[in-house]
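Okay, so here's the structure we're looking at.
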Amino acid sequence: TSYLVLSLQQSIDQVFRVTKSNHIFLLSNNNLYLWDDANGTYTQVSQFVQGAPKNEEKQSNFLSKQQEELFPYLTWQEQKKTWQKNQQSKRFFPKAIYYSDKENIQQVAIDPSGAYITYVRYTPADEKPTEYEAIITADGYTQKRFARPKVSDKEPSSQLEIFDRLKDSSYVVSFAGLIDIRKKPEYLKAYGDTESFYKTDRALCIHTPVFNEDGKTALVDIRSYDNKDRWIVLLDLSKGTWKLLDHQHDEAWIGGPGISGWNEEDGTLGWISATNCYFQSEETGYSHLYQVDVNTLQKTALTSGNWEVHEVFLAKDKKSLYLIAKKIHPGVRNGYQLNLQTKQLIPLFEGNFGIEWQLSPDGKRWAIRYSTSTQPWELYTAPNKAGATMTRVTKSTLPAFDQLKITAPSIVSIPTSDGQQAIARLYKGTKSNGAAVLFVHGAGYLQNAHHYWSYYQREMLFHQLLIAQGYTVLDVDYRASEGYGRKWRTDIYRHMGERDLLDYVDAKNYLVKELGIDANRVGIYGGSYGGFISLMAMLKTPDTFKCAAALRSVTDWAHYNHEYTSNILNYPSTDSIAYQRSSPIYFAEGLKGQLLMLHGMQDDNVQFQDIVRLNQRFIELGKTSYQLAVFPTEAHGFTYTPAWVDEYRRILELFETNLK
């Protein structure tokens, strides 16, 4: 019947395999369907309905009442229709679960036994979206386009619910008893708030449960939406009760490899056996793997040291964990096997390179993406054993690229003024002209001083052009870059453009002292967060750098997105100090040297309004040593080749004019 057949126009979003071999559950249009291979049918097993249940009470008048009183046959007919409708509903549809117009149903999943459906009732924050204009359009008219809201103190909320298919009923899981769920962050004390706890629970971000194969329990990763706390709990599916397995707290923000800095992004979490699970934590200051016995609550560290686990997955036989880690150096991504019985960490592919990998279904061979600092990513294969040789499968570069003479950067360590060491890529040609350029990577929490192919491949090739012209180029993994542990990650908390900027001041001093670079001929450039640091360099330390190019730059963090910004600076309404001291627009009066700003008008991430506001500030301050180049068709990441060429032509001319 039409009730049992899934429309061919519907896409399948996810597939759930369950313990019954001939059953597969499919997620489509946010509802679950059962495919029974034995009889070749689809059956809908969840029914989420937006809106309130319909009231189907009949309107009664004198005549209808009279008929009902005089003729019992009519009452019997109505009862029969109601019974048939209920029977049909029970046969073809489960009980309807209603949600309001202000809510969404998310993360629908089903346990391996097929008995329990879990879902999250999500209420978005009531936030105003931002707008920007498309100027170059086919019809000649500008077009208004919508993008993400700005950072605010408004948070969404989520509630985990379980639908019991056997009982045809659903129930809410309460997390009111989570430890420190009402705890206030320490920064509020700077504003005179001495109370330790809120009067109500903080809003929670609840991740999709990770089901045990027993069909009775699941692991749930829960974050506070202010991202100060993470709880991992064991959920009893039949009762909707839970017990705490691990609690992580960070007065800055929860993050790190395998944990994630975006509280709605899933972290590492899985089952080793019916009674043991694994996850990652920055408990020691570096992101490592831990195992917990869900019965005894005994926690065991599976890895340790001043290095980080980047990615992990469990072998099919559940005897090993395979992980990508930065064990021998922060700038590598190497492959290891962790024997869960002996706890021995076995190097499989270790050296000065980066890999991404996928194990074959039989567990015997690897498909590997491999690169070095001068070789782009290529596909290799290798046996699944220690010391195996990788065999190259692809060659993706063109002859013109192969003819390029790419100079490999050296990896250097730079002493910082607070007693740390910053890792950097140093590019040098055969002859120096005495000038230098510092590059600032974007994304904040990203790594670029490493032994594999650069995320910024265009900029890396631009650096080859610069060193051919005699410049020395330094690409620093400044404070908050990925791969260096919790302290390095959070050293910018409540003050962007301070410790991270000072790392570049220290980098310049290193070039002057160690390589004989002329202190008056050093420039700086970068995009996104790199553009932000380039602006701060010219505004807060105006006598340090001769010139700067700032691409797609954040100029005021109160205008950036919520997830990223609220982690680091909290909320504008509760931590205004953090926003003011972290935003370039408040330091515009400091501009002295030559500044080139470049921005795409279609940028829906760091929006064009950002750079326009700073430009207006410069106008009102009477500043003259700056230029603004706009790109009408480009978004945050440029895609049109002429726009790329024009952008880097301008940057090269800036350096050639001011540094030679």
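By convention here, the chains of the structure tokens are called A, B, ... in the order presented, each chain's residues are numbered starting at 1, and ligands are numbered starting at 1 in the order presented.
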
For Tyr560 of chain A, please output as a short mmCIF file (atom, residue, chain, number, x, y, z; two decimals) with all heavy atoms, in the first residue's frame all residues within 10 Å (counting only C-alpha atoms; exclusion window: fewer than 6 positions along the same chain).
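Wrote it out as part08.cif, contents follow:
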data_model
loop_
_atom_site.label_atom_id
_atom_site.label_comp_id
_atom_site.auth_asym_id
_atom_site.auth_seq_id
_atom_site.Cartn_x
_atom_site.Cartn_y
_atom_site.Cartn_z
N ARG A 148 24.50 33.72 8.76
CA ARG A 148 24.42 33.34 10.18
C ARG A 148 24.19 34.56 11.09
O ARG A 148 24.51 35.69 10.74
CB ARG A 148 25.70 32.62 10.57
CG ARG A 148 27.00 33.31 10.12
CD ARG A 148 27.44 34.41 11.03
NE ARG A 148 28.63 35.10 10.55
CZ ARG A 148 28.96 36.32 10.93
NH1 ARG A 148 28.17 36.99 11.75
NH2 ARG A 148 30.06 36.90 10.48
N PRO A 149 23.62 34.32 12.28
CA PRO A 149 23.48 35.41 13.25
C PRO A 149 24.84 35.82 13.81
O PRO A 149 25.85 35.14 13.61
CB PRO A 149 22.60 34.81 14.35
CG PRO A 149 21.99 33.59 13.74
CD PRO A 149 22.97 33.09 12.75
N LYS A 150 24.86 36.93 14.54
CA LYS A 150 26.07 37.38 15.22
C LYS A 150 26.11 36.79 16.63
O LYS A 150 25.12 36.28 17.15
CB LYS A 150 26.12 38.91 15.26
CG LYS A 150 26.11 39.53 13.87
CD LYS A 150 26.26 41.04 13.90
CE LYS A 150 26.24 41.60 12.48
NZ LYS A 150 26.53 43.03 12.39
N VAL A 151 27.27 36.85 17.24
CA VAL A 151 27.43 36.32 18.58
C VAL A 151 26.50 37.05 19.55
O VAL A 151 26.30 38.26 19.45
CB VAL A 151 28.90 36.43 19.03
CG1 VAL A 151 29.36 37.87 19.07
CG2 VAL A 151 29.11 35.75 20.37
N SER A 152 25.92 36.31 20.47
CA SER A 152 25.02 36.91 21.46
C SER A 152 24.97 36.01 22.69
O SER A 152 25.61 34.96 22.74
CB SER A 152 23.61 37.06 20.89
OG SER A 152 22.96 35.80 20.81
N VAL A 554 38.48 39.79 10.37
CA VAL A 554 37.57 40.16 11.45
C VAL A 554 38.08 41.48 12.04
O VAL A 554 39.24 41.60 12.40
CB VAL A 554 37.53 39.09 12.54
CG1 VAL A 554 36.67 39.56 13.71
CG2 VAL A 554 36.99 37.78 11.99
N SER A 566 31.90 32.85 21.00
CA SER A 566 31.48 32.74 22.40
C SER A 566 32.35 31.77 23.18
O SER A 566 32.45 31.88 24.41
CB SER A 566 30.01 32.31 22.48
OG SER A 566 29.82 31.01 21.93
N ASN A 605 30.82 34.73 5.82
CA ASN A 605 31.45 34.31 7.07
C ASN A 605 31.94 35.56 7.81
O ASN A 605 31.28 36.04 8.74
CB ASN A 605 32.61 33.35 6.77
CG ASN A 605 33.26 32.84 8.03
OD1 ASN A 605 32.74 32.98 9.13
ND2 ASN A 605 34.44 32.25 7.90
N VAL A 606 33.07 36.11 7.41
CA VAL A 606 33.48 37.43 7.90
C VAL A 606 32.92 38.43 6.89
O VAL A 606 33.48 38.63 5.82
CB VAL A 606 35.01 37.55 8.00
CG1 VAL A 606 35.38 38.93 8.54
CG2 VAL A 606 35.58 36.45 8.87
N GLN A 607 31.83 39.04 7.24
CA GLN A 607 31.06 39.77 6.24
C GLN A 607 31.68 41.13 5.88
O GLN A 607 32.44 41.71 6.66
CB GLN A 607 29.62 39.90 6.72
CG GLN A 607 28.95 38.53 6.77
CD GLN A 607 27.64 38.52 7.53
OE1 GLN A 607 27.13 39.56 7.94
NE2 GLN A 607 27.08 37.35 7.73
N ASP A 610 32.14 44.15 8.10
CA ASP A 610 33.24 44.23 9.05
C ASP A 610 34.31 45.22 8.58
O ASP A 610 34.73 46.11 9.33
CB ASP A 610 33.87 42.84 9.23
CG ASP A 610 33.69 42.31 10.64
OD1 ASP A 610 32.60 42.50 11.18
OD2 ASP A 610 34.63 41.72 11.17
#

Applying 6 Å and only C-alpha atoms, which residues near Ala578 of chain A remain after dropping the ones on its own chain fewer than 2 positions away? List them as a VMD selection string. chain A and resid 494 to 495 569 575 to 576 580 to 581

Resulting file, chosen residues, all heavy atoms, as a short mmCIF file (atom, residue, chain, number, x, y, z; two decimals), in the first residue's frame:
data_model
loop_
_atom_site.label_atom_id
_atom_site.label_comp_id
_atom_site.auth_asym_id
_atom_site.auth_seq_id
_atom_site.Cartn_x
_atom_site.Cartn_y
_atom_site.Cartn_z
N ARG A 494 39.70 35.18 26.31
CA ARG A 494 39.28 36.51 26.73
C ARG A 494 40.21 37.62 26.23
O ARG A 494 40.04 38.77 26.61
CB ARG A 494 39.14 36.61 28.26
CG ARG A 494 38.10 35.67 28.86
CD ARG A 494 37.83 35.99 30.31
NE ARG A 494 37.20 37.30 30.45
CZ ARG A 494 37.52 38.18 31.39
NH1 ARG A 494 38.46 37.90 32.28
NH2 ARG A 494 36.90 39.35 31.44
N HIS A 495 41.18 37.28 25.37
CA HIS A 495 42.06 38.33 24.86
C HIS A 495 42.73 37.89 23.55
O HIS A 495 43.91 37.56 23.52
CB HIS A 495 43.12 38.68 25.90
CG HIS A 495 43.69 40.05 25.70
ND1 HIS A 495 44.49 40.68 26.64
CD2 HIS A 495 43.56 40.95 24.68
CE1 HIS A 495 44.83 41.87 26.20
NE2 HIS A 495 44.29 42.06 25.00
N LEU A 569 35.58 34.34 23.81
CA LEU A 569 35.34 35.65 24.43
C LEU A 569 34.07 35.71 25.27
O LEU A 569 33.69 36.79 25.72
CB LEU A 569 35.29 36.74 23.34
CG LEU A 569 36.54 36.89 22.47
CD1 LEU A 569 36.33 38.01 21.45
CD2 LEU A 569 37.78 37.17 23.32
N ASP A 575 30.67 39.90 28.93
CA ASP A 575 32.13 40.05 28.98
C ASP A 575 32.58 41.09 27.95
O ASP A 575 33.39 40.81 27.06
CB ASP A 575 32.81 38.70 28.71
CG ASP A 575 34.24 38.65 29.25
OD1 ASP A 575 34.70 39.67 29.81
OD2 ASP A 575 34.90 37.60 29.11
N SER A 576 32.06 42.29 28.09
CA SER A 576 32.36 43.36 27.13
C SER A 576 33.84 43.71 27.09
O SER A 576 34.37 44.09 26.04
CB SER A 576 31.54 44.60 27.47
OG SER A 576 31.82 45.05 28.79
N GLN A 580 36.15 44.23 23.65
CA GLN A 580 36.78 45.52 23.33
C GLN A 580 38.28 45.39 23.17
O GLN A 580 38.87 45.94 22.25
CB GLN A 580 36.43 46.55 24.41
CG GLN A 580 34.98 46.97 24.39
CD GLN A 580 34.63 47.96 25.50
OE1 GLN A 580 35.52 48.46 26.19
NE2 GLN A 580 33.35 48.23 25.69
N ARG A 581 38.93 44.64 24.06
CA ARG A 581 40.38 44.54 23.96
C ARG A 581 40.82 43.55 22.89
O ARG A 581 42.02 43.46 22.60
CB ARG A 581 40.96 44.15 25.32
CG ARG A 581 40.65 42.75 25.81
CD ARG A 581 41.13 42.58 27.24
NE ARG A 581 40.84 41.25 27.76
CZ ARG A 581 40.98 40.91 29.04
NH1 ARG A 581 41.40 41.81 29.91
NH2 ARG A 581 40.71 39.69 29.45
#

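Distances from A:Gly483, A:Pro542, A:Gly444, A:Gly114 to Gly526 of chain A were compared using only C-alpha atoms, and the smallest one belongs to A:Gly444.
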
Between A:Gly331, A:Trp357, A:Arg458, A:Arg365, which one has atoms that come closest to Arg425 of chain A, using only C-alpha atoms? A:Gly331

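Within the 12 Å cut-off around Lys316 of chain A, using only C-alpha atoms and omitting residues fewer than 5 positions from it on the same chain, the listed residues are Trp271, Ile272, Ser273, Leu321, Tyr322, Leu359, Ser360, Pro361, Asp362, Gly363 and Lys364 of chain A.
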
Hey, can you spit out that residue selection with N, CA, C and O atoms as a short mmCIF file (atom, residue, chain, number, x, y, z; two decimals), in the first residue's frame?
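And here is the file that came out, selection20.cif:
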data_model
loop_
_atom_site.label_atom_id
_atom_site.label_comp_id
_atom_site.auth_asym_id
_atom_site.auth_seq_id
_atom_site.Cartn_x
_atom_site.Cartn_y
_atom_site.Cartn_z
N TRP A 271 32.32 2.22 21.85
CA TRP A 271 32.34 1.03 22.69
C TRP A 271 33.50 0.12 22.28
O TRP A 271 33.67 -0.18 21.11
N ILE A 272 34.29 -0.33 23.26
CA ILE A 272 35.30 -1.36 23.03
C ILE A 272 34.69 -2.73 23.24
O ILE A 272 34.95 -3.68 22.49
N SER A 273 33.86 -2.84 24.26
CA SER A 273 33.13 -4.08 24.57
C SER A 273 31.81 -3.69 25.19
O SER A 273 31.48 -2.50 25.28
N LEU A 321 42.83 -0.30 18.67
CA LEU A 321 42.42 1.01 18.21
C LEU A 321 43.47 1.50 17.22
O LEU A 321 44.67 1.35 17.47
N TYR A 322 43.03 2.06 16.10
CA TYR A 322 43.95 2.66 15.14
C TYR A 322 43.85 4.18 15.28
O TYR A 322 42.75 4.73 15.33
N LEU A 359 40.88 1.67 6.44
CA LEU A 359 41.20 0.26 6.46
C LEU A 359 40.20 -0.53 5.62
O LEU A 359 39.00 -0.25 5.63
N SER A 360 40.70 -1.52 4.88
CA SER A 360 39.82 -2.35 4.06
C SER A 360 38.86 -3.14 4.95
O SER A 360 39.15 -3.39 6.12
N PRO A 361 37.71 -3.56 4.41
CA PRO A 361 36.72 -4.29 5.23
C PRO A 361 37.27 -5.55 5.89
O PRO A 361 36.84 -5.91 6.98
N ASP A 362 38.23 -6.22 5.23
CA ASP A 362 38.79 -7.43 5.84
C ASP A 362 39.94 -7.13 6.80
O ASP A 362 40.52 -8.04 7.40
N GLY A 363 40.29 -5.85 6.95
CA GLY A 363 41.31 -5.46 7.90
C GLY A 363 42.74 -5.76 7.47
O GLY A 363 43.66 -5.64 8.28
N LYS A 364 42.96 -6.07 6.19
CA LYS A 364 44.29 -6.49 5.75
C LYS A 364 45.11 -5.41 5.06
O LYS A 364 46.33 -5.48 5.03
#

Any idea what the distance is between atom CA of Ser625 of chain A and atom CA of Gly527 of chain A? 19.7 Å

Just the residues within 10 Å of Ser304 of chain A, please, counting only C-alpha atoms, with nothing from its chain fewer than 4 positions along; format it as a PyMOL selection string. chain A and resi 284+286-290+308-309+327

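As for atom CA of Ala537 of chain A and atom CA of Gly523 of chain A, they are spaced 9.8 Å apart.
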
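The two atoms in question, atom CA of Gln10 of chain A and atom CA of Ser28 of chain A, are spaced 6.7 Å apart.
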
Backbone-only DSSP, strand (DSSP E) members of segment 54-230 of chain A, as an MDAnalysis selection string: chainID A and resid 96:99 104:110 116:123 129:134 143:149 157:164 169:172 204:206 210:211 217:224 229:230

Could you tell me, as a ChimeraX atom specification, which residues of segment 382-482 of chain A DSSP assigns to alpha helix (DSSP H) when given the backbone? /A:399-402,457-468

Pick out the closest residue to Tyr471 of chain A from this set: A:Val393, A:Leu659, A:Ile97, A:Ala190. Count only C-alpha atoms. A:Leu659

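Between Ile517 of chain A and the candidates A:Gln143, A:Asn31, A:Glu265, A:Lys428, the tightest atom-to-atom separation, counting only C-alpha atoms, involves A:Lys428.
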
Need to verify the contact set: Pro409 of chain A, 12 Å, only C-alpha atoms, exclusion of same-chain residues closer than 3 positions in sequence. Can you return it as a list in words? Thr372, Ser373, Thr374, Ile406, Val412, Ala424, Arg425, Leu426, Tyr427, Lys428, Gly429, Asn448, Ala449, His450, His451, Tyr452, Trp453, Ser454, Met460, Leu461, His463, Gln464, Ile467, Thr472, Val473, Leu474, Asp475 and Val476 of chain A
